[in-house]
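Student: I'd like to ask some things about the structure below.
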Amino acid sequence: MASSCFSMTTPIFKIRFFLFLCFIGISSSQLSSDFYSTTCPNALSTIKSAVDSAVSNEARMGASLLRLHFHDCFVQGCDASVLLNDTSSFTGEQTAAGNVNSIRGFGVIDNIKSQVESLCPGVVSCADILTVAARDSVVALGGPSWTVQLGRRDSTTASLSSANSDLPRFDLSLQQLSDNFQNKGLTTAEMVALSGGHTIGQAKCSTFRTRIYNETNIDSSFATSLQANCPSVGGDSNLAPLDSNQNTFDNAYFKDLQSQKGLLHTDQVLFNGGSTDSQVNGYASDPSSFNTDFANAMVKMGNISPLTGSSGEIRTNCWKTN
């Protein structure tokens, strides 16, 4: 690294000075778990309290906050671009096919941001709030914890076209799903682990209608029970739980897949005679291995193309640029 800051003929005092500058530059571009330890020491506890309250009021909110972070990171990286409203200069991501009338939790994030701004104005990014809130949501519903790396900054733009192209659709094949995650630097094994986030939350009828009426790799009684609230025409917004224990973060999702009770097409493809069957079996029998892999994959996902150093900004309001 030093060679980019000085040459072999540079006097020693300049070398030391330039090495210091290089170190500062390198450090500022990296995430760290103690990023706010001095600048906003109560940031994490404030976020946790707000998430706990929101999830206590509505368990589904935990799944919504987890999904909001995922949908942020898969478009332009983890930069809170998903939170930006449309402006005259760009159309944001909230009306993308994978987001419209679907992503939620904006009010919770705005509430957290307001509280944190009161404590430490202009310090904590919306991108970091999303990342921490996702972890705290999982914990609030009984799932594993992990150390969140911090120091992301917020984007000053968003991209509808990127959201439409980069967010995984619910009709993808296993290979397409794997490719989608690999495009973001995540392995197929990490994709399976992250899919386990569907152990909490609900999905709309429009996302699983084709599966329950047309697909054959589905338990017949399970399909029939879903059809009662998801007619072949209409009822697009009617909800069904993503697994049999929707308000608890556990490994029931993978047990459901073994029984051909995956709600979405992209759930059941993980256990359909393909390369990921063995991983599903492993998680179904060993919940601790799922928890460990999920936590590690969440850390890796949270590190997708963050803005750091002087890139981006720290938004005052998460829904608009400064």
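Identifiers in this document derive from the order of the structure tokens: chains are assigned A, B, ..., residues are numbered from 1 separately in each chain, and ligands are numbered from 1 in order of occurrence.
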Report as a list in words all protein, DNA and RNA residues lying within 12 Å of Thr38 in chain A, evaluated on only C-alpha atoms, omitting residues in the same chain fewer than 6 positions from it.

Tutor: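 Close residues of Thr38 in chain A: Cys120, Val123 and Val124 of chain A.
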
Student: Residues within 7 Å of range 258-270 of chain A, please, as a PDB file with N, CA and C atoms, in the first residue's frame. Count only C-alpha atoms; anything in the same chain fewer than 6 positions from it doesn't count.

Tutor:
```pdb
ATOM      1  N   PHE A 170     -39.995 -13.968  -8.103  1.00  0.00           N
ATOM      2  CA  PHE A 170     -40.487 -15.163  -7.401  1.00  0.00           C
ATOM      3  C   PHE A 170     -40.741 -16.333  -8.347  1.00  0.00           C
ATOM      4  N   ASP A 171     -40.433 -16.166  -9.653  1.00  0.00           N
ATOM      5  CA  ASP A 171     -40.645 -17.265 -10.597  1.00  0.00           C
ATOM      6  C   ASP A 171     -39.334 -17.835 -11.144  1.00  0.00           C
ATOM      7  N   LEU A 172     -38.219 -17.516 -10.523  1.00  0.00           N
ATOM      8  CA  LEU A 172     -36.921 -17.953 -11.023  1.00  0.00           C
ATOM      9  C   LEU A 172     -36.674 -19.440 -10.784  1.00  0.00           C
ATOM     10  N   SER A 173     -35.879 -20.034 -11.659  1.00  0.00           N
ATOM     11  CA  SER A 173     -35.420 -21.405 -11.449  1.00  0.00           C
ATOM     12  C   SER A 173     -34.292 -21.389 -10.425  1.00  0.00           C
ATOM     13  N   LEU A 174     -33.894 -22.566  -9.975  1.00  0.00           N
ATOM     14  CA  LEU A 174     -32.792 -22.648  -9.012  1.00  0.00           C
ATOM     15  C   LEU A 174     -31.523 -22.034  -9.594  1.00  0.00           C
ATOM     16  N   THR A 207     -48.099 -13.471  -5.574  1.00  0.00           N
ATOM     17  CA  THR A 207     -46.751 -14.040  -5.701  1.00  0.00           C
ATOM     18  C   THR A 207     -46.738 -15.564  -5.666  1.00  0.00           C
ATOM     19  N   PHE A 208     -47.822 -16.179  -5.198  1.00  0.00           N
ATOM     20  CA  PHE A 208     -47.830 -17.644  -5.120  1.00  0.00           C
ATOM     21  C   PHE A 208     -49.042 -18.292  -5.806  1.00  0.00           C
ATOM     22  N   ARG A 211     -48.173 -21.013  -8.309  1.00  0.00           N
ATOM     23  CA  ARG A 211     -47.673 -22.223  -7.640  1.00  0.00           C
ATOM     24  C   ARG A 211     -48.816 -23.085  -7.113  1.00  0.00           C
ATOM     25  N   ASN A 217     -45.199 -29.931  -7.635  1.00  0.00           N
ATOM     26  CA  ASN A 217     -44.327 -30.262  -6.494  1.00  0.00           C
ATOM     27  C   ASN A 217     -44.787 -29.535  -5.234  1.00  0.00           C
ATOM     28  N   ILE A 218     -46.080 -29.713  -4.939  1.00  0.00           N
ATOM     29  CA  ILE A 218     -46.682 -29.044  -3.790  1.00  0.00           C
ATOM     30  C   ILE A 218     -47.659 -30.008  -3.121  1.00  0.00           C
ATOM     31  N   ASP A 219     -47.629 -30.037  -1.811  1.00  0.00           N
ATOM     32  CA  ASP A 219     -48.556 -30.865  -1.048  1.00  0.00           C
ATOM     33  C   ASP A 219     -49.984 -30.449  -1.390  1.00  0.00           C
ATOM     34  N   PHE A 222     -52.038 -28.684   1.276  1.00  0.00           N
ATOM     35  CA  PHE A 222     -51.458 -27.355   1.495  1.00  0.00           C
ATOM     36  C   PHE A 222     -51.946 -26.394   0.417  1.00  0.00           C
ATOM     37  N   LEU A 242     -45.271 -17.290   5.181  1.00  0.00           N
ATOM     38  CA  LEU A 242     -44.208 -17.894   4.384  1.00  0.00           C
ATOM     39  C   LEU A 242     -43.747 -19.232   4.946  1.00  0.00           C
ATOM     40  N   THR A 276     -29.258 -28.263  -4.068  1.00  0.00           N
ATOM     41  CA  THR A 276     -29.365 -27.657  -2.743  1.00  0.00           C
ATOM     42  C   THR A 276     -30.197 -28.496  -1.762  1.00  0.00           C
ATOM     43  N   ASP A 277     -30.696 -29.634  -2.213  1.00  0.00           N
ATOM     44  CA  ASP A 277     -31.511 -30.491  -1.328  1.00  0.00           C
ATOM     45  C   ASP A 277     -30.775 -30.855  -0.039  1.00  0.00           C
TER      46      ASP A 277
END
```

Student: Which of these, A:Ser221, A:Ser88, A:Ser33, A:Thr156, has the shortest distance to Val132 in chain A once you count only C-alpha atoms?

Tutor: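 For Val132 in chain A, the nearest of the given residues is A:Ser33.
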
Student: Report as a list in words all protein, DNA and RNA residues lying within 12 Å of Trp319 in chain A, evaluated on only C-alpha atoms, omitting residues in the same chain fewer than 4 positions from it.

Tutor: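 My list of contacting residues is Ala80, Ser81, Val82, Leu83, Leu84, Asn85, Asp86, Thr87, Gly92, Glu93, Gln94, Phe106, Gly107, Ile109, Asp110, Asn111, Lys113, Ser114, Ser125, Cys126, Ala127, Asp154, Ser155, Thr156, Thr157, Ala158, Ile314 and Arg315 of chain A.
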
Student: Could you name the residues that touch Leu141 in chain A at 10 Å or less, counting only C-alpha atoms, but leaving out those on the same chain fewer than 5 positions away, as a PyMOL selection string?

Tutor: chain A and resi 52+55-56+59-60+62-63+136+200+246-250

Student: As JSON, numbers by chain, please: all residues of range 78-258 of chain A that backbone DSSP puts in helix (DSSP H, G or I).

Tutor: {"A": [81, 82, 83, 106, 107, 108, 109, 110, 111, 112, 113, 114, 115, 116, 117, 118, 119, 126, 127, 128, 129, 130, 131, 132, 133, 134, 135, 136, 137, 138, 139, 140, 160, 161, 162, 163, 164, 165, 166, 174, 175, 176, 177, 178, 179, 180, 181, 182, 188, 189, 190, 191, 192, 193, 194, 195, 196, 197, 198, 199, 205, 206, 207, 208, 209, 210, 211, 212, 213, 214, 220, 221, 222, 223, 224, 225, 226, 227, 252, 253, 254, 255, 256, 257, 258]}

Student: Hey, can you spit out that residue selection with C-alpha atoms as a PDB file, in the first residue's frame?

Tutor:
```
ATOM      1  CA  SER A  81     -31.274   3.981  -1.993  1.00  0.00           C
ATOM      2  CA  VAL A  82     -34.477   1.988  -1.477  1.00  0.00           C
ATOM      3  CA  LEU A  83     -35.700   4.630   0.957  1.00  0.00           C
ATOM      4  CA  PHE A 106     -40.513   3.065   6.122  1.00  0.00           C
ATOM      5  CA  GLY A 107     -42.259   4.655   9.074  1.00  0.00           C
ATOM      6  CA  VAL A 108     -40.229   2.589  11.534  1.00  0.00           C
ATOM      7  CA  ILE A 109     -36.984   3.620   9.836  1.00  0.00           C
ATOM      8  CA  ASP A 110     -38.057   7.279   9.809  1.00  0.00           C
ATOM      9  CA  ASN A 111     -38.863   7.066  13.518  1.00  0.00           C
ATOM     10  CA  ILE A 112     -35.458   5.551  14.275  1.00  0.00           C
ATOM     11  CA  LYS A 113     -33.696   8.172  12.180  1.00  0.00           C
ATOM     12  CA  SER A 114     -35.519  10.966  14.005  1.00  0.00           C
ATOM     13  CA  GLN A 115     -34.463   9.557  17.382  1.00  0.00           C
ATOM     14  CA  VAL A 116     -30.855   9.073  16.325  1.00  0.00           C
ATOM     15  CA  GLU A 117     -30.685  12.551  14.770  1.00  0.00           C
ATOM     16  CA  SER A 118     -31.793  13.982  18.109  1.00  0.00           C
ATOM     17  CA  LEU A 119     -28.901  12.201  19.789  1.00  0.00           C
ATOM     18  CA  CYS A 126     -29.843   5.505   6.987  1.00  0.00           C
ATOM     19  CA  ALA A 127     -27.940   2.615   5.379  1.00  0.00           C
ATOM     20  CA  ASP A 128     -26.521   1.613   8.753  1.00  0.00           C
ATOM     21  CA  ILE A 129     -29.927   1.981  10.398  1.00  0.00           C
ATOM     22  CA  LEU A 130     -31.392  -0.447   7.849  1.00  0.00           C
ATOM     23  CA  THR A 131     -28.566  -2.913   8.474  1.00  0.00           C
ATOM     24  CA  VAL A 132     -28.833  -2.822  12.247  1.00  0.00           C
ATOM     25  CA  ALA A 133     -32.640  -2.906  12.177  1.00  0.00           C
ATOM     26  CA  ALA A 134     -32.542  -6.093  10.093  1.00  0.00           C
ATOM     27  CA  ARG A 135     -30.320  -7.798  12.682  1.00  0.00           C
ATOM     28  CA  ASP A 136     -32.410  -6.567  15.594  1.00  0.00           C
ATOM     29  CA  SER A 137     -35.601  -7.749  13.878  1.00  0.00           C
ATOM     30  CA  VAL A 138     -34.247 -11.281  13.552  1.00  0.00           C
ATOM     31  CA  VAL A 139     -33.205 -11.268  17.205  1.00  0.00           C
ATOM     32  CA  ALA A 140     -36.590  -9.896  18.310  1.00  0.00           C
ATOM     33  CA  LEU A 160     -35.773   1.993 -10.804  1.00  0.00           C
ATOM     34  CA  SER A 161     -34.157   0.124 -13.707  1.00  0.00           C
ATOM     35  CA  SER A 162     -31.545  -1.472 -11.445  1.00  0.00           C
ATOM     36  CA  ALA A 163     -34.226  -2.511  -8.981  1.00  0.00           C
ATOM     37  CA  ASN A 164     -36.225  -4.133 -11.774  1.00  0.00           C
ATOM     38  CA  SER A 165     -33.190  -6.010 -13.083  1.00  0.00           C
ATOM     39  CA  ASP A 166     -31.370  -6.907  -9.851  1.00  0.00           C
ATOM     40  CA  LEU A 174     -32.792 -22.648  -9.012  1.00  0.00           C
ATOM     41  CA  GLN A 175     -30.024 -21.788 -11.467  1.00  0.00           C
ATOM     42  CA  GLN A 176     -31.439 -18.328 -12.125  1.00  0.00           C
ATOM     43  CA  LEU A 177     -31.796 -17.706  -8.407  1.00  0.00           C
ATOM     44  CA  SER A 178     -28.241 -18.852  -7.809  1.00  0.00           C
ATOM     45  CA  ASP A 179     -26.965 -16.634 -10.628  1.00  0.00           C
ATOM     46  CA  ASN A 180     -28.839 -13.660  -9.193  1.00  0.00           C
ATOM     47  CA  PHE A 181     -27.105 -14.017  -5.846  1.00  0.00           C
ATOM     48  CA  GLN A 182     -23.730 -14.777  -7.392  1.00  0.00           C
ATOM     49  CA  THR A 188     -25.404 -20.650  -3.762  1.00  0.00           C
ATOM     50  CA  ALA A 189     -24.961 -21.910  -0.201  1.00  0.00           C
ATOM     51  CA  GLU A 190     -25.341 -18.362   1.103  1.00  0.00           C
ATOM     52  CA  MET A 191     -28.423 -17.941  -1.085  1.00  0.00           C
ATOM     53  CA  VAL A 192     -30.022 -20.978   0.559  1.00  0.00           C
ATOM     54  CA  ALA A 193     -29.166 -19.679   4.021  1.00  0.00           C
ATOM     55  CA  LEU A 194     -30.532 -16.217   3.267  1.00  0.00           C
ATOM     56  CA  SER A 195     -33.697 -17.726   1.781  1.00  0.00           C
ATOM     57  CA  GLY A 196     -34.294 -19.030   5.288  1.00  0.00           C
ATOM     58  CA  GLY A 197     -35.268 -15.470   6.142  1.00  0.00           C
ATOM     59  CA  HIS A 198     -38.643 -16.598   4.826  1.00  0.00           C
ATOM     60  CA  THR A 199     -39.099 -18.341   8.163  1.00  0.00           C
ATOM     61  CA  CYS A 205     -51.527 -14.098  -3.195  1.00  0.00           C
ATOM     62  CA  SER A 206     -50.227 -12.635  -6.462  1.00  0.00           C
ATOM     63  CA  THR A 207     -46.751 -14.040  -5.701  1.00  0.00           C
ATOM     64  CA  PHE A 208     -47.830 -17.644  -5.120  1.00  0.00           C
ATOM     65  CA  ARG A 209     -51.054 -18.034  -7.141  1.00  0.00           C
ATOM     66  CA  THR A 210     -49.337 -19.811 -10.046  1.00  0.00           C
ATOM     67  CA  ARG A 211     -47.673 -22.223  -7.640  1.00  0.00           C
ATOM     68  CA  ILE A 212     -50.803 -23.302  -5.790  1.00  0.00           C
ATOM     69  CA  TYR A 213     -52.899 -23.756  -8.947  1.00  0.00           C
ATOM     70  CA  ASN A 214     -50.413 -24.981 -11.546  1.00  0.00           C
ATOM     71  CA  SER A 220     -52.140 -31.086  -2.299  1.00  0.00           C
ATOM     72  CA  SER A 221     -53.815 -30.301   1.012  1.00  0.00           C
ATOM     73  CA  PHE A 222     -51.458 -27.355   1.495  1.00  0.00           C
ATOM     74  CA  ALA A 223     -52.386 -26.019  -1.949  1.00  0.00           C
ATOM     75  CA  THR A 224     -56.087 -26.451  -1.282  1.00  0.00           C
ATOM     76  CA  SER A 225     -55.872 -24.629   2.051  1.00  0.00           C
ATOM     77  CA  LEU A 226     -54.168 -21.678   0.367  1.00  0.00           C
ATOM     78  CA  GLN A 227     -56.679 -21.531  -2.480  1.00  0.00           C
ATOM     79  CA  ALA A 252     -39.519 -24.571  10.177  1.00  0.00           C
ATOM     80  CA  TYR A 253     -39.085 -23.080   6.695  1.00  0.00           C
ATOM     81  CA  PHE A 254     -36.735 -25.882   5.699  1.00  0.00           C
ATOM     82  CA  LYS A 255     -38.933 -28.568   7.232  1.00  0.00           C
ATOM     83  CA  ASP A 256     -41.815 -27.178   5.195  1.00  0.00           C
ATOM     84  CA  LEU A 257     -39.740 -27.478   2.029  1.00  0.00           C
ATOM     85  CA  GLN A 258     -39.116 -31.153   2.811  1.00  0.00           C
TER      86      GLN A 258
END
```

Student: Residues of range 160-289 of chain A in strand (DSSP E or B) according to DSSP, as a list in words?

Tutor: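 Here are the strand (DSSP E or B) residues of range 160-289 of chain A: Gln202, Ala203, Lys204, Leu239, Ala240 and Pro241 of chain A.
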
Student: By how many Å are CA of Pro241 in chain A and CA of Ala203 in chain A apart?

Tutor: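 Taking CA of Pro241 in chain A as the start and CA of Ala203 in chain A as the end point, the length is 6.4 Å.
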
Student: CA of Gly274 in chain A and CA of Phe294 in chain A, how far apart in Å?

Tutor: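 Separation between CA of Phe294 in chain A and CA of Gly274 in chain A: 20.6 Å.
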
Student: So which one's closest to Val148 in chain A, A:Val299, A:Leu66, A:Ala228, A:Cys40? Using only C-alpha atoms, please.

Tutor: A:Val299
